[in-house]
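Undergrad: Provided below: work-v8.cif, containing mmCIF, C-alpha atoms.
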data_model
loop_
_atom_site.label_atom_id
_atom_site.label_comp_id
_atom_site.auth_asym_id
_atom_site.auth_seq_id
_atom_site.Cartn_x
_atom_site.Cartn_y
_atom_site.Cartn_z
CA MET A 1 -1.63 -35.10 -0.50
CA PRO A 2 0.69 -32.22 -1.44
CA ALA A 3 1.50 -29.70 1.26
CA ARG A 4 -0.23 -26.38 0.89
CA HIS A 5 1.83 -23.25 0.61
CA PRO A 6 1.30 -21.61 4.03
CA ILE A 7 0.70 -18.15 2.63
CA ARG A 8 -0.69 -18.78 -0.82
CA GLY A 9 -2.92 -21.64 0.29
CA ASP A 10 -4.52 -20.11 3.34
CA VAL A 11 -4.09 -16.42 4.00
CA LEU A 12 -3.91 -14.91 0.54
CA ALA A 13 -6.65 -17.23 -0.68
CA LEU A 14 -9.07 -14.98 1.19
CA GLN A 15 -8.36 -12.38 -1.52
CA PRO A 16 -7.85 -14.45 -4.67
CA GLU A 17 -7.75 -11.64 -7.24
CA ALA A 18 -5.31 -9.58 -5.19
CA SER A 19 -3.27 -12.71 -4.62
CA ALA A 20 -3.10 -13.46 -8.35
CA ARG A 21 -1.92 -9.94 -9.12
CA PHE A 22 0.58 -9.99 -6.27
CA TRP A 23 2.15 -13.22 -7.50
CA ARG A 24 2.39 -11.84 -11.03
CA LEU A 25 4.31 -8.81 -9.72
CA TYR A 26 6.44 -10.88 -7.37
CA GLY A 27 7.23 -13.40 -10.09
CA GLN A 28 8.27 -10.64 -12.44
CA LEU A 29 10.51 -9.21 -9.74
CA TRP A 30 12.31 -12.50 -9.27
CA ALA A 31 12.36 -13.83 -12.81
CA HIS A 32 13.56 -10.73 -14.61
CA GLY A 33 15.44 -7.54 -14.02
CA VAL A 34 18.83 -5.95 -13.71
CA LEU A 35 19.71 -7.22 -10.21
CA ASP A 36 21.19 -10.67 -9.90
CA HIS A 37 19.43 -13.21 -7.73
CA GLY A 38 22.08 -13.16 -5.05
CA ILE A 39 21.54 -9.47 -4.34
CA LYS A 40 17.77 -9.88 -4.27
CA GLU A 41 18.02 -12.84 -1.89
CA VAL A 42 20.42 -11.08 0.47
CA ALA A 43 18.14 -8.03 0.55
CA ARG A 44 15.07 -10.21 1.17
CA LEU A 45 16.72 -12.11 4.01
CA ARG A 46 18.16 -8.97 5.59
CA ASN A 47 14.75 -7.32 5.48
CA ALA A 48 13.18 -10.41 7.08
CA ARG A 49 15.80 -10.39 9.82
CA ILE A 50 15.37 -6.70 10.60
CA THR A 51 11.62 -7.11 10.87
CA ASP A 52 12.05 -10.39 12.77
CA CYS A 53 9.95 -12.30 10.28
CA GLY A 54 10.65 -15.98 10.84
CA TYR A 55 8.85 -17.08 7.71
CA MET B 1 12.26 16.48 -9.66
CA SER B 2 13.87 13.18 -8.75
CA TRP B 3 17.62 13.20 -8.16
CA LEU B 4 17.90 10.33 -10.65
CA PRO B 5 20.09 11.50 -13.55
CA ALA B 6 17.76 10.01 -16.13
CA THR B 7 14.05 9.39 -15.92
CA ALA B 8 11.44 7.77 -18.10
CA GLY B 9 8.66 9.55 -19.91
CA GLY B 10 5.17 9.78 -18.52
CA ALA B 11 2.51 12.10 -17.25
CA THR B 12 3.28 11.93 -13.53
CA PRO B 13 6.40 12.04 -11.35
CA LEU B 14 5.84 8.40 -10.39
CA ASP B 15 5.58 7.43 -14.07
CA ARG B 16 8.92 9.07 -14.73
CA VAL B 17 10.68 7.16 -11.94
CA PHE B 18 8.91 3.78 -11.85
CA GLY B 19 8.69 3.88 -15.63
CA LEU B 20 12.41 3.15 -15.69
CA ARG B 21 11.35 -0.43 -14.94
CA PRO B 22 8.28 -0.86 -17.16
CA ASP B 23 8.32 -4.62 -16.69
CA LEU B 24 7.65 -4.03 -12.98
CA TYR B 25 5.54 -0.89 -13.20
CA GLU B 26 2.82 -2.57 -15.26
CA PRO B 27 2.14 -5.48 -12.86
CA PHE B 28 2.52 -3.09 -9.93
CA ARG B 29 -0.28 -0.88 -11.29
CA ALA B 30 -2.45 -3.94 -11.87
CA PHE B 31 -1.93 -5.04 -8.26
CA TYR B 32 -2.41 -1.56 -6.84
CA ALA B 33 -5.61 -0.98 -8.80
CA VAL B 34 -7.38 -4.08 -7.55
CA PHE B 35 -8.02 -2.53 -4.13
CA TRP B 36 -10.25 0.04 -5.82
CA SER B 37 -11.59 -1.83 -8.85
CA ASP B 38 -12.72 -4.81 -6.78
CA ARG B 39 -13.52 -2.67 -3.74
CA LEU B 40 -11.55 -4.93 -1.43
CA LEU B 41 -12.02 -2.35 1.33
CA GLU B 42 -14.49 0.46 1.81
CA PRO B 43 -12.90 3.44 -0.03
CA VAL B 44 -12.81 5.82 2.95
CA VAL B 45 -11.11 3.21 5.15
CA LEU B 46 -8.61 2.52 2.38
CA GLU B 47 -7.90 6.22 1.85
CA LEU B 48 -7.50 6.98 5.54
CA ALA B 49 -5.10 4.08 5.94
CA ARG B 50 -3.08 5.23 2.91
CA LEU B 51 -2.86 8.81 4.12
CA ARG B 52 -2.00 7.83 7.69
CA VAL B 53 0.87 5.67 6.48
CA ALA B 54 2.07 8.57 4.34
CA GLN B 55 1.89 10.91 7.32
CA LEU B 56 3.86 8.57 9.56
CA LEU B 57 6.54 8.14 6.91
CA ARG B 58 6.44 11.86 6.03
CA CYS B 59 5.92 11.04 2.37
CA GLU B 60 4.86 14.35 0.86
CA SER B 61 4.07 13.07 -2.63
CA GLU B 62 1.68 10.42 -1.31
CA GLN B 63 0.03 12.87 1.09
CA GLN B 64 -0.86 15.24 -1.74
CA VAL B 65 -2.97 12.65 -3.56
CA ARG B 66 -6.68 12.04 -3.02
CA TYR B 67 -8.46 9.17 -4.73
CA ALA B 68 -11.91 10.22 -5.89
CA PRO B 69 -13.85 7.16 -4.65
CA ALA B 70 -13.14 8.12 -1.04
CA LEU B 71 -14.31 11.69 -1.56
CA ASP B 72 -17.38 10.41 -3.41
CA ALA B 73 -18.07 8.19 -0.38
CA GLY B 74 -18.00 11.18 1.97
CA LEU B 75 -14.41 11.73 3.06
CA THR B 76 -13.69 15.44 3.51
CA GLU B 77 -10.57 17.57 3.71
CA GLU B 78 -11.62 18.52 7.22
CA GLN B 79 -11.53 14.89 8.31
CA ILE B 80 -8.17 14.38 6.59
CA ALA B 81 -6.80 17.40 8.45
CA ARG B 82 -7.88 15.78 11.71
CA LEU B 83 -6.33 12.43 10.87
CA PRO B 84 -3.21 12.78 13.06
CA ASP B 85 -5.50 13.15 16.10
CA TRP B 86 -7.84 10.29 15.22
CA PRO B 87 -7.54 8.54 18.63
CA ARG B 88 -9.10 11.56 20.32
CA ASP B 89 -11.47 12.59 17.55
CA SER B 90 -15.07 11.45 17.28
CA ALA B 91 -15.12 12.19 13.54
CA PHE B 92 -13.87 8.67 12.86
CA THR B 93 -16.09 5.61 12.90
CA ASP B 94 -15.28 2.48 14.85
CA ALA B 95 -14.33 0.68 11.64
CA GLN B 96 -12.02 3.52 10.63
CA ARG B 97 -10.47 3.58 14.09
CA ALA B 98 -9.80 -0.15 14.02
CA ALA B 99 -8.12 0.16 10.62
CA LEU B 100 -6.10 3.20 11.67
CA ALA B 101 -4.85 1.57 14.87
CA PHE B 102 -3.79 -1.45 12.85
CA ALA B 103 -2.19 0.73 10.16
CA GLU B 104 -0.13 2.71 12.65
CA GLN B 105 1.17 -0.40 14.36
CA PHE B 106 1.88 -2.01 10.99
CA VAL B 107 4.24 0.85 10.16
CA LEU B 108 5.80 1.29 13.59
CA ASP B 109 6.22 -2.33 14.71
CA PRO B 110 4.16 -5.20 13.29
CA HIS B 111 5.03 -7.39 16.26
CA GLY B 112 3.07 -4.92 18.37
CA ILE B 113 -0.20 -5.85 16.69
CA ASP B 114 -1.88 -7.79 19.46
CA ASP B 115 -5.01 -9.94 19.39
CA ASP B 116 -7.27 -7.04 20.33
CA CYS B 117 -5.93 -4.86 17.53
CA ARG B 118 -6.31 -7.66 15.00
CA ASP B 119 -9.73 -8.77 16.22
CA ALA B 120 -11.08 -5.22 16.06
CA VAL B 121 -10.27 -5.19 12.35
CA ILE B 122 -11.92 -8.58 11.87
CA ASP B 123 -15.01 -7.41 13.74
CA HIS B 124 -15.50 -4.55 11.30
CA LEU B 125 -13.93 -5.78 8.06
CA GLU B 126 -14.08 -9.57 8.45
CA ARG B 127 -11.15 -11.85 7.67
CA PRO B 128 -10.88 -11.10 3.93
CA GLY B 129 -10.86 -7.42 4.87
CA LEU B 130 -8.00 -7.99 7.28
CA VAL B 131 -6.00 -9.69 4.53
CA ALA B 132 -6.81 -6.89 2.10
CA LEU B 133 -5.80 -4.29 4.68
CA CYS B 134 -2.47 -6.03 5.28
CA GLU B 135 -1.77 -6.18 1.56
CA ALA B 136 -2.75 -2.55 1.06
CA LEU B 137 -0.61 -1.44 3.99
CA ALA B 138 2.37 -3.37 2.63
CA LEU B 139 1.96 -1.48 -0.65
CA PHE B 140 1.47 1.90 0.98
CA ASP B 141 4.36 1.45 3.40
CA GLY B 142 6.75 0.09 0.81
CA PHE B 143 5.95 2.64 -1.85
CA CYS B 144 6.08 5.62 0.47
CA ARG B 145 9.64 4.52 1.12
CA PHE B 146 10.18 4.03 -2.61
CA ARG B 147 8.90 7.55 -3.36
CA THR B 148 10.98 9.10 -0.60
CA ILE B 149 14.24 7.35 -1.40
CA LEU B 150 14.01 7.90 -5.16
CA GLY B 151 12.82 11.48 -4.78
CA VAL B 152 9.47 11.19 -6.52
CA GLU B 153 8.36 14.79 -6.79
CA ALA B 154 5.34 15.92 -4.76
CA PRO B 155 2.63 17.96 -6.45
CA GLY B 156 2.53 21.58 -5.35
CA ALA B 157 -1.01 21.17 -4.05
CA VAL B 158 -3.48 18.48 -3.15
CA GLN B 159 -4.76 16.75 -6.27
CA THR B 160 -7.81 14.55 -6.62
CA VAL B 161 -7.44 11.77 -9.14
CA PRO B 162 -9.61 8.87 -10.30
CA ALA B 163 -9.25 5.44 -8.74
CA PRO B 164 -6.04 3.73 -9.80
CA ALA B 165 -6.36 1.54 -12.87
CA ALA B 166 -3.89 -0.83 -14.46
CA ALA B 167 -3.78 1.09 -17.72
CA MET B 168 -3.44 4.55 -16.18
CA SER B 169 -0.62 6.66 -14.82
CA LEU B 170 -0.37 6.69 -11.04
CA ALA B 171 -0.24 10.06 -9.29
#
The structure in this file should be written as structure tokens.

TA:
Amino acid sequence: MPARHPIRGDVLALQPEASARFWRLYGQLWAHGVLDHGIKEVARLRNARITDCGY
Amino acid sequence: MSWLPATAGGATPLDRVFGLRPDLYEPFRAFYAVFWSDRLLEPVVLELARLRVAQLLRCESEQQVRYAPALDAGLTEEQIARLPDWPRDSAFTDAQRAALAFAEQFVLDPHGIDDDCRDAVIDHLERPGLVALCEALALFDGFCRFRTILGVEAPGAVQTVPAPAAAMSLA
């Protein structure tokens, strides 16, 4: 049995339409744009560290 | 006027800034609108949470906006004026108070949201409501910062606008 995504599969599933629209925005943010992936990833990880978000 | 040297076209200050990235602005509007179109939260609770986040982050452009569904549901300018004192003000319902306590802690320190704070939201809004509130707060918090940093111009006076919609400008 495939593992469920811990956010998509459980928490966000409580609001499926909002979840679908969020993932469309988030996917667009990562798949396209003027910033390279390295900058986006560094910013994401730094933000997670500052807010002490282990996920 | 934003400090950005070049802006996009559009009817609102946010259009002219966020419109520089139309590939992101369109799905953002679709995501933002769902909180109103699908009524994921009661409109007054949603509006109070949005305005309280804007107050805490001193985001003038967000504070000047009122979404009509909340006013139609009974929210008044008098209650909005009393929002900073909500813990000591009986004008706010228990559900509104639970959401506001959660919203304030979300902005100030999410690790400070304890079981009581979380469970109070669940008691009034149920678990899907808690998830919707977290998503809405993430949008409000993030885009108050976006507006502030990019200098999205604030209207000169409070303006009431229709509920956000994917195909419409955002105030």

Undergrad: Of the residues B:Val107, B:Ala91, B:Ala99, B:Leu137, which is the one nearest to Ile122 of chain B, using only C-alpha atoms?

TA: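 Of the candidates, the smallest distance to Ile122 of chain B is held by B:Ala99.
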
Undergrad: Go through chain A and flag each residue having an atom no more than 9 Å from chain B; for those, report the closest pair of atoms plus their distance in Å to one decimal, using all atoms listed in the file, ordered by chain and rising number, as JSON lines.

TA:
{"residue": "A:Val11", "atom": "CA", "partner": "B:Val131", "partner_atom": "CA", "distance": 7.0}
{"residue": "A:Leu12", "atom": "CA", "partner": "B:Val131", "partner_atom": "CA", "distance": 6.9}
{"residue": "A:Ala13", "atom": "CA", "partner": "B:Pro128", "partner_atom": "CA", "distance": 8.8}
{"residue": "A:Leu14", "atom": "CA", "partner": "B:Pro128", "partner_atom": "CA", "distance": 5.1}
{"residue": "A:Gln15", "atom": "CA", "partner": "B:Pro128", "partner_atom": "CA", "distance": 6.1}
{"residue": "A:Glu17", "atom": "CA", "partner": "B:Val34", "partner_atom": "CA", "distance": 7.6}
{"residue": "A:Ala18", "atom": "CA", "partner": "B:Val34", "partner_atom": "CA", "distance": 6.3}
{"residue": "A:Ser19", "atom": "CA", "partner": "B:Phe31", "partner_atom": "CA", "distance": 8.6}
{"residue": "A:Ala20", "atom": "CA", "partner": "B:Phe31", "partner_atom": "CA", "distance": 8.5}
{"residue": "A:Arg21", "atom": "CA", "partner": "B:Phe31", "partner_atom": "CA", "distance": 5.0}
{"residue": "A:Phe22", "atom": "CA", "partner": "B:Phe31", "partner_atom": "CA", "distance": 5.9}
{"residue": "A:Arg24", "atom": "CA", "partner": "B:Pro27", "partner_atom": "CA", "distance": 6.6}
{"residue": "A:Leu25", "atom": "CA", "partner": "B:Pro27", "partner_atom": "CA", "distance": 5.1}
{"residue": "A:Tyr26", "atom": "CA", "partner": "B:Pro27", "partner_atom": "CA", "distance": 8.8}
{"residue": "A:Gln28", "atom": "CA", "partner": "B:Leu24", "partner_atom": "CA", "distance": 6.7}
{"residue": "A:Leu29", "atom": "CA", "partner": "B:Leu24", "partner_atom": "CA", "distance": 6.7}
{"residue": "A:His32", "atom": "CA", "partner": "B:Asp23", "partner_atom": "CA", "distance": 8.3}
{"residue": "A:Gly33", "atom": "CA", "partner": "B:Asp23", "partner_atom": "CA", "distance": 8.1}
{"residue": "A:Thr51", "atom": "CA", "partner": "B:Pro110", "partner_atom": "CA", "distance": 8.1}
{"residue": "A:Asp52", "atom": "CA", "partner": "B:His111", "partner_atom": "CA", "distance": 8.4}

Undergrad: Please save C-alpha atoms of the selected residues as a compact mmCIF listing (two decimals), in the coordinates of the input.

TA:
# COMPACT_ATOMS: atom_id res chain seq x y z
CA VAL A 11 -4.09 -16.42 4.00
CA LEU A 12 -3.91 -14.91 0.54
CA ALA A 13 -6.65 -17.23 -0.68
CA LEU A 14 -9.07 -14.98 1.19
CA GLN A 15 -8.36 -12.38 -1.52
CA GLU A 17 -7.75 -11.64 -7.24
CA ALA A 18 -5.31 -9.58 -5.19
CA SER A 19 -3.27 -12.71 -4.62
CA ALA A 20 -3.10 -13.46 -8.35
CA ARG A 21 -1.92 -9.94 -9.12
CA PHE A 22 0.58 -9.99 -6.27
CA ARG A 24 2.39 -11.84 -11.03
CA LEU A 25 4.31 -8.81 -9.72
CA TYR A 26 6.44 -10.88 -7.37
CA GLN A 28 8.27 -10.64 -12.44
CA LEU A 29 10.51 -9.21 -9.74
CA HIS A 32 13.56 -10.73 -14.61
CA GLY A 33 15.44 -7.54 -14.02
CA THR A 51 11.62 -7.11 10.87
CA ASP A 52 12.05 -10.39 12.77

Undergrad: What is the distance, in Å and to one decimal place, between atom CA of Ala68 of chain B and atom CA of Ala163 of chain B?

TA: 6.2 Å

Undergrad: List the residues selected by the PyMOL selection byres ((chain B and resi 51-62) around 7) in the file shown, writing them as a ChimeraX atom specification.

TA: /B:47-50,63-65,103-104,107,140-141,144,148,152-155

Undergrad: With 5 Å added on each side, what axis-aligned box encloses every listed atom of segment 109-115 of chain B? Give the centre and edge lengths in Å to one decimal, as AutoDock Vina command-line options.

TA:
--center_x 0.6 --center_y -6.1 --center_z 16.4 --size_x 21.2 --size_y 17.6 --size_z 16.2

Undergrad: Give me, please, the distance in Å between atom CA of Glu41 of chain A and atom CA of Ala138 of chain B, quoted to one decimal.

TA: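 Taking atom CA of Glu41 of chain A and atom CA of Ala138 of chain B, their separation equals 18.8 Å.
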
Undergrad: Please indicate the distance in Å from atom CA of Leu83 of chain B to atom CA of Phe146 of chain B, rounded to one decimal place.

TA: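 These atoms are spaced 22.9 Å apart.
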
Undergrad: When distances are computed from only C-alpha atoms, which of B:Ala120, B:Ile80, B:Val17, B:Leu125 shows the smallest separation from Val158 of chain B?

TA: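 Going through B:Ala120, B:Ile80, B:Val17, B:Leu125 one by one, the smallest distance to Val158 of chain B is for B:Ile80.
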
Undergrad: Using all atoms listed in the file, find the one residue out of B:Ser2, B:Thr160, B:Thr93, B:Gln105 that sits nearest to Asp72 of chain B.

TA: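 Distance minimum relative to Asp72 of chain B lands on B:Thr160.
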